[in-house]
Amino acid sequence: MQGLSENTGWFPVVFRMEGERVLVVGGGNVAASKVQLLVSTGARVEVLSASLCSELERMVDKGAIHHFAQDTSVQDLQPRLSGCRLVYLATNDRDLNQTLATLCKAHNVPVCAVDDPAISTFITPALVTRGKVQVAISTGGAAPVLARRLRTMVERVLPEGLHRLADFMSAMRDELRQRIPDTSERRQLWEHFLDGEGARAALAGDKAEATRNLQELEEGNAARGEVWLVGAGPGNPDLLTLAALRLMQDADVILYDNLVGPEILNYVRRDAERVFVGKKRNRHTLPQEDINHELVRRAQAGQRVLRLKGGDPFIFGRGGEELETLVEAGVPFRIVPGISAANGCAAYAGIPLTHRDCAQACLFITGHARADGVLNLEWETIALKNQTVVIYMGLTMISQLCAQLVKHGLPENWPVAVVEKGTLPEQRVCEGTLATLPDLVAEQQIQSPALVIIGEVVRHRVISPHH
Ligand SMILES: C[C@@]1(CC(=O)O)C2=NC(=C\c3[nH]c(c(CCC(=O)O)c3CC(=O)O)Cc3[nH]c(c(CC(=O)O)c3CCC(=O)O)/C=C3\N/C(=C\2)[C@@H](CCC(=O)O)[C@]3(C)CC(=O)O)/[C@H]1CCC(=O)O
Ligand SMILES: NC(=O)c1ccc[n+]([C@@H]2O[C@H](COP(=O)([O-])OP(=O)(O)OC[C@H]3O[C@@H](n4cnc5c(N)ncnc54)[C@H](O)[C@@H]3O)[C@@H](O)[C@H]2O)c1
């Protein structure tokens, strides 16, 4: 299914730990780091180890944990397992950890051997905590240091008062549930709240202002749909804008084309409805008029509709036509530009689109032919030196294109490149000339989506030694 990532084998859930018994075997620094996390959940922690590091000793002295001063064998552990929620094996004895893990599994008690994810039935994620808000980061045991680095990054972006915001929302939830029984209406209200002044007030601890703002939103809360026309860029999710990402997380429904791949759709809110509206050359799944109509219909029903387009909506994206319909119907909209294929492919192929030595201009052209198969272009203005020509959707007409440019005055050895699946890991670049390219494309079986770049800048192509 599109949008689902591959099988990870691990599933993060959030367990209620208050008052639960947890055993930790081992008394070193690693045991201490797990014990600290566990104690902060309200779990009853029992540590089994002959020796304790100073931190664990301090916790025993404070009465925060129970200590059984014994080196642990199967016989010692077995009678303690009943009624036990989790077991950590944190000794420095790999064989022992393995034997004890087998015992725990036989008794169906979840176990983490800190030196061996392969025999563990659970592992500990890196955690960022702001009151009730917890962000858990796991690499499935692959790279704990990476998990730790990501934790630092998340720490930096989460706002300081997040716990206050969560507490405020929690406190208002019951009331709101009674006043607004409809779930999707309630969710929309919360999202408007989070976008605005109310959330800022709650973060800063100003409950009165936050309450006032929420009330205002509620009073003016006739469900109001809108359409967001968003460019998703050339394919690589690294090239999404922050605005695109935010709207992808907020939308109720998304209408997307072929050029928006699963890599991008992965970033759309999980429970948003997804509508594929197709669009491959000459094979529209939904005709453009139906798409326009669908956008209006859904917005008028109160949905926040994300119209997600490959590249930029205003560059060969028919975004203009969709907006005209919205304006006629009085539907509010927002436009978010995307990185167009020309920019993305040029950068990822290392071809500068302009260059002081040879190109002072750059033309973007669509290579989409008329129904009779003829390319109807202003060849005199295209077949010029000192400029770069970028052709979108030019692959099927490549022979005609090259022939016309030679016929209108460009030399046969004029450089041309085709970038297939630009910006994605599978990207291929095929370089040739107006004379050789059509055969090269056929030989190398270049497929769409592909972008054609014509001009001397192709000779200035640069490739980083690290790639
Ligand atoms: C997230 C964090 C939580 C925590 O510890 O609370 C955590 N490890 C952290 C740090 C860390 N761990 C290690 C180093 C030293 C560098 C290195 O050696 O690589 C550092 C860095 C440091 O300390 O800075 C060594 C190490 N760790 C494991 C092995 C065994 C192995 O992989 O085979 C070895 C090799 C031992 C050796 O060879 O001697 C195994 C596990 N470590 C996990 C979690 C689980 C997987 C989580 C995931 O990725 O999903 C898992 C499977 C089991 C578990 O512990 O539950 C915590 C971040 C703390 C934070 O938030 O700052
Ligand atoms: N998961 C992680 O986050 C992580 C991080 C670093 C290291 N490690 C691994 O975790 C292991 C423990 O690391 P550490 O730094 O805490 O080691 P450590 O040597 O400081 O501590 C080992 C502890 O285990 C105790 N122990 C030994 N045999 C025991 C037994 N039979 N019963 C009860 N306790 C026993 C020792 O008394 C000691 O307190 C290491 O082998 C290392 O490979 C895991």
# chains A, B, ... in the order shown; residues from 1 in each chain; ligands from 1
$ select_by_dssp --residues "stretch 50-223 of chain A" --states "helix (DSSP H, G or I)" --output "PyMOL selection string"
chain A and resi 54-62+74-80+94-106+117-119+144-157+162-179+183-195+197-203+207-219
$ residues_near_ligand --ligand "ligand 1" --cutoff "10 Å" --atoms "only C-alpha atoms and all ligand atoms" --output "PyMOL selection string"
chain A and resi 10+12+29-38+88-90+92+111-128+136-152
$ residues_near_ligand --ligand "ligand 2" --cutoff "7 Å" --atoms "only C-alpha atoms and all ligand atoms" --output "number ranges by chain"
A: 25-31, 48-53, 70-73, 90-94, 96, 114-115
$ select_by_dssp --residues "stretch 15-238 of chain A" --states "strand (DSSP E or B)" --output "VMD selection string"
chain A and resid 21 to 25 44 to 48 66 to 68 84 to 89 111 to 113 126 to 130 133 to 137 226 to 231 233
$ closest_residue --among "A:Arg186, A:Arg156, A:Arg130, A:Lys207" --to "A:Ala171" --atoms "only C-alpha atoms"
A:Lys207
$ residues_around --residues "A:Cys104" --least-positions-apart "6" --cutoff "9 Å" --atoms "only C-alpha atoms" --output "PyMOL selection string"
chain A and resi 77-78+81+87+110-111
$ residues_around --residues "stretch 320-335 of chain A" --least-positions-apart "3" --cutoff "9 Å" --atoms "only C-alpha atoms" --output "ChimeraX atom specification"
/A:224-231,288-289,291-293,295-296,299-300,313-314,317
$ write_last_selection --atoms "N, CA and C atoms" --output "PDB file, in the first residue's frame"
ATOM      1  N   ARG A 224     -15.223  25.706   8.352  1.00  0.00           N
ATOM      2  CA  ARG A 224     -14.822  26.496   7.190  1.00  0.00           C
ATOM      3  C   ARG A 224     -13.745  25.742   6.438  1.00  0.00           C
ATOM      4  N   GLY A 225     -14.083  25.265   5.282  1.00  0.00           N
ATOM      5  CA  GLY A 225     -13.092  24.523   4.514  1.00  0.00           C
ATOM      6  C   GLY A 225     -12.201  25.449   3.725  1.00  0.00           C
ATOM      7  N   GLU A 226     -11.051  24.949   3.323  1.00  0.00           N
ATOM      8  CA  GLU A 226     -10.196  25.693   2.403  1.00  0.00           C
ATOM      9  C   GLU A 226      -9.387  24.716   1.568  1.00  0.00           C
ATOM     10  N   VAL A 227      -8.724  25.269   0.565  1.00  0.00           N
ATOM     11  CA  VAL A 227      -7.877  24.440  -0.281  1.00  0.00           C
ATOM     12  C   VAL A 227      -6.457  24.969  -0.213  1.00  0.00           C
ATOM     13  N   TRP A 228      -5.522  24.064  -0.037  1.00  0.00           N
ATOM     14  CA  TRP A 228      -4.117  24.445  -0.042  1.00  0.00           C
ATOM     15  C   TRP A 228      -3.466  23.825  -1.260  1.00  0.00           C
ATOM     16  N   LEU A 229      -3.022  24.681  -2.143  1.00  0.00           N
ATOM     17  CA  LEU A 229      -2.373  24.214  -3.369  1.00  0.00           C
ATOM     18  C   LEU A 229      -0.870  24.196  -3.094  1.00  0.00           C
ATOM     19  N   VAL A 230      -0.329  22.999  -2.980  1.00  0.00           N
ATOM     20  CA  VAL A 230       1.034  22.874  -2.455  1.00  0.00           C
ATOM     21  C   VAL A 230       1.951  22.136  -3.430  1.00  0.00           C
ATOM     22  N   GLY A 231       3.116  22.700  -3.666  1.00  0.00           N
ATOM     23  CA  GLY A 231       4.130  22.039  -4.486  1.00  0.00           C
ATOM     24  C   GLY A 231       4.939  21.093  -3.613  1.00  0.00           C
ATOM     25  N   GLN A 288      -9.316  17.179 -15.682  1.00  0.00           N
ATOM     26  CA  GLN A 288      -9.022  18.391 -14.906  1.00  0.00           C
ATOM     27  C   GLN A 288     -10.286  19.037 -14.339  1.00  0.00           C
ATOM     28  N   GLU A 289     -11.351  19.079 -15.141  1.00  0.00           N
ATOM     29  CA  GLU A 289     -12.574  19.732 -14.630  1.00  0.00           C
ATOM     30  C   GLU A 289     -13.112  19.021 -13.397  1.00  0.00           C
ATOM     31  N   ILE A 291     -11.366  17.350 -11.236  1.00  0.00           N
ATOM     32  CA  ILE A 291     -10.496  17.676 -10.102  1.00  0.00           C
ATOM     33  C   ILE A 291     -10.902  19.019  -9.519  1.00  0.00           C
ATOM     34  N   ASN A 292     -11.064  20.012 -10.412  1.00  0.00           N
ATOM     35  CA  ASN A 292     -11.454  21.348  -9.948  1.00  0.00           C
ATOM     36  C   ASN A 292     -12.743  21.271  -9.145  1.00  0.00           C
ATOM     37  N   HIS A 293     -13.698  20.506  -9.664  1.00  0.00           N
ATOM     38  CA  HIS A 293     -15.003  20.399  -9.035  1.00  0.00           C
ATOM     39  C   HIS A 293     -14.890  19.716  -7.667  1.00  0.00           C
ATOM     40  N   LEU A 295     -12.314  19.672  -5.668  1.00  0.00           N
ATOM     41  CA  LEU A 295     -11.698  20.587  -4.695  1.00  0.00           C
ATOM     42  C   LEU A 295     -12.770  21.480  -4.072  1.00  0.00           C
ATOM     43  N   VAL A 296     -13.634  22.036  -4.927  1.00  0.00           N
ATOM     44  CA  VAL A 296     -14.672  22.952  -4.454  1.00  0.00           C
ATOM     45  C   VAL A 296     -15.658  22.201  -3.566  1.00  0.00           C
ATOM     46  N   ALA A 299     -14.138  21.410  -0.097  1.00  0.00           N
ATOM     47  CA  ALA A 299     -13.923  22.600   0.731  1.00  0.00           C
ATOM     48  C   ALA A 299     -15.264  23.118   1.237  1.00  0.00           C
ATOM     49  N   GLN A 300     -16.282  23.080   0.373  1.00  0.00           N
ATOM     50  CA  GLN A 300     -17.590  23.582   0.792  1.00  0.00           C
ATOM     51  C   GLN A 300     -18.214  22.694   1.861  1.00  0.00           C
ATOM     52  N   PRO A 313       3.340  24.232  -8.219  1.00  0.00           N
ATOM     53  CA  PRO A 313       1.993  24.220  -8.801  1.00  0.00           C
ATOM     54  C   PRO A 313       1.820  25.180  -9.979  1.00  0.00           C
ATOM     55  N   PHE A 314       2.662  26.214 -10.047  1.00  0.00           N
ATOM     56  CA  PHE A 314       2.491  27.207 -11.115  1.00  0.00           C
ATOM     57  C   PHE A 314       3.434  26.981 -12.289  1.00  0.00           C
ATOM     58  N   GLY A 317       1.914  23.029 -13.814  1.00  0.00           N
ATOM     59  CA  GLY A 317       1.157  22.213 -12.863  1.00  0.00           C
ATOM     60  C   GLY A 317      -0.345  22.431 -12.963  1.00  0.00           C
TER      61      GLY A 317
END
$ residues_around --residues "stretch 358-368 of chain A" --least-positions-apart "2" --cutoff "8 Å" --atoms "only C-alpha atoms" --output "list in words"
Arg281, Phe316, Ala342, Leu353, Thr354, His355, Arg356, Arg370, Leu375, Ile382, Lys385, Asn386, Gln387, Thr388, Val389, Val390, Ile391, Tyr392, Met393, Gly394, Leu395, Met397, Gly455, Glu456 and Val457 of chain A
$ write_last_selection --atoms "N, CA and C atoms" --output "JSON list (two decimals), in the first residue's frame"
[["chain", "number", "residue", "atom", "x", "y", "z"],
["A", 281, "ARG", "N", 0.84, 11.48, -18.70],
["A", 281, "ARG", "CA", 0.60, 12.12, -19.98],
["A", 281, "ARG", "C", -0.55, 11.43, -20.71],
["A", 316, "PHE", "N", 3.92, 24.44, -15.10],
["A", 316, "PHE", "CA", 3.32, 23.31, -15.80],
["A", 316, "PHE", "C", 2.47, 22.43, -14.89],
["A", 342, "ALA", "N", 13.07, 21.49, -12.78],
["A", 342, "ALA", "CA", 14.28, 22.06, -13.39],
["A", 342, "ALA", "C", 15.32, 22.37, -12.32],
["A", 353, "LEU", "N", 22.20, 25.83, -14.21],
["A", 353, "LEU", "CA", 21.27, 26.19, -15.29],
["A", 353, "LEU", "C", 21.72, 27.45, -16.02],
["A", 354, "THR", "N", 22.41, 28.34, -15.30],
["A", 354, "THR", "CA", 23.02, 29.48, -15.99],
["A", 354, "THR", "C", 24.50, 29.44, -15.65],
["A", 355, "HIS", "N", 25.29, 30.04, -16.53],
["A", 355, "HIS", "CA", 26.73, 30.08, -16.29],
["A", 355, "HIS", "C", 27.26, 31.30, -17.05],
["A", 356, "ARG", "N", 28.04, 32.13, -16.38],
["A", 356, "ARG", "CA", 28.51, 33.37, -17.01],
["A", 356, "ARG", "C", 29.13, 33.14, -18.38],
["A", 370, "ARG", "N", 0.87, 18.13, -29.24],
["A", 370, "ARG", "CA", -0.56, 18.24, -29.54],
["A", 370, "ARG", "C", -1.12, 16.84, -29.80],
["A", 375, "LEU", "N", 4.95, 18.76, -32.13],
["A", 375, "LEU", "CA", 5.37, 19.71, -31.11],
["A", 375, "LEU", "C", 5.24, 21.11, -31.70],
["A", 382, "ILE", "N", 13.95, 29.12, -29.38],
["A", 382, "ILE", "CA", 14.51, 28.04, -28.56],
["A", 382, "ILE", "C", 15.91, 27.65, -29.05],
["A", 385, "LYS", "N", 21.96, 30.08, -29.08],
["A", 385, "LYS", "CA", 23.10, 29.88, -28.20],
["A", 385, "LYS", "C", 22.97, 30.86, -27.03],
["A", 386, "ASN", "N", 23.88, 30.79, -26.08],
["A", 386, "ASN", "CA", 23.87, 31.66, -24.90],
["A", 386, "ASN", "C", 22.64, 31.49, -24.02],
["A", 387, "GLN", "N", 21.95, 30.37, -24.14],
["A", 387, "GLN", "CA", 20.86, 30.11, -23.21],
["A", 387, "GLN", "C", 20.74, 28.61, -22.94],
["A", 388, "THR", "N", 20.08, 28.32, -21.83],
["A", 388, "THR", "CA", 19.80, 26.93, -21.49],
["A", 388, "THR", "C", 18.33, 26.68, -21.72],
["A", 389, "VAL", "N", 18.00, 25.51, -22.25],
["A", 389, "VAL", "CA", 16.59, 25.17, -22.46],
["A", 389, "VAL", "C", 16.28, 23.92, -21.63],
["A", 390, "VAL", "N", 15.26, 24.04, -20.80],
["A", 390, "VAL", "CA", 14.86, 22.89, -20.00],
["A", 390, "VAL", "C", 13.50, 22.43, -20.49],
["A", 391, "ILE", "N", 13.42, 21.15, -20.83],
["A", 391, "ILE", "CA", 12.14, 20.64, -21.34],
["A", 391, "ILE", "C", 11.53, 19.66, -20.36],
["A", 392, "TYR", "N", 10.33, 20.02, -19.90],
["A", 392, "TYR", "CA", 9.55, 19.14, -19.04],
["A", 392, "TYR", "C", 8.76, 18.19, -19.93],
["A", 393, "MET", "N", 8.63, 16.96, -19.52],
["A", 393, "MET", "CA", 7.83, 15.97, -20.25],
["A", 393, "MET", "C", 8.29, 15.86, -21.70],
["A", 394, "GLY", "N", 9.58, 15.93, -21.92],
["A", 394, "GLY", "CA", 10.10, 15.97, -23.30],
["A", 394, "GLY", "C", 10.56, 14.62, -23.81],
["A", 395, "LEU", "N", 10.46, 13.58, -22.99],
["A", 395, "LEU", "CA", 11.09, 12.31, -23.33],
["A", 395, "LEU", "C", 10.48, 11.66, -24.58],
["A", 397, "MET", "N", 9.03, 12.92, -27.04],
["A", 397, "MET", "CA", 9.21, 13.68, -28.28],
["A", 397, "MET", "C", 10.69, 13.98, -28.54],
["A", 455, "GLY", "N", 22.04, 22.70, -23.71],
["A", 455, "GLY", "CA", 22.88, 23.89, -23.73],
["A", 455, "GLY", "C", 24.29, 23.59, -23.25],
["A", 456, "GLU", "N", 25.16, 24.58, -23.42],
["A", 456, "GLU", "CA", 26.57, 24.36, -23.08],
["A", 456, "GLU", "C", 26.81, 24.17, -21.60],
["A", 457, "VAL", "N", 25.82, 24.55, -20.76],
["A", 457, "VAL", "CA", 25.98, 24.34, -19.31],
["A", 457, "VAL", "C", 26.18, 22.86, -18.99]]
$ atom_distance --atom1 "atom CA of A:Val416" --atom2 "atom CA of A:Ala383"
12.6 Å
$ closest_residue --among "A:Ala199, A:Val13, A:Ile65, A:Leu86" --to "A:Lys105" --atoms "only C-alpha atoms"
A:Leu86
$ closest_residue --among "A:Gln427, A:Thr211, A:Glu219, A:Gly432" --to "A:Ile180" --atoms "only C-alpha atoms"
A:Glu219
$ atom_distance --atom1 "atom CA of A:Glu55" --atom2 "atom CA of A:Gln134"
24.2 Å
$ closest_residue --among "A:Ile351, A:Thr423, A:Val22, A:Leu203" --to "A:Ile453" --atoms "only C-alpha atoms"
A:Ile351
$ residues_around --residues "stretch 276-278 of chain A" --least-positions-apart "5" --cutoff "12 Å" --atoms "only C-alpha atoms" --output "ChimeraX atom specification"
/A:2,253-262,265,283-292,294-295,306-310
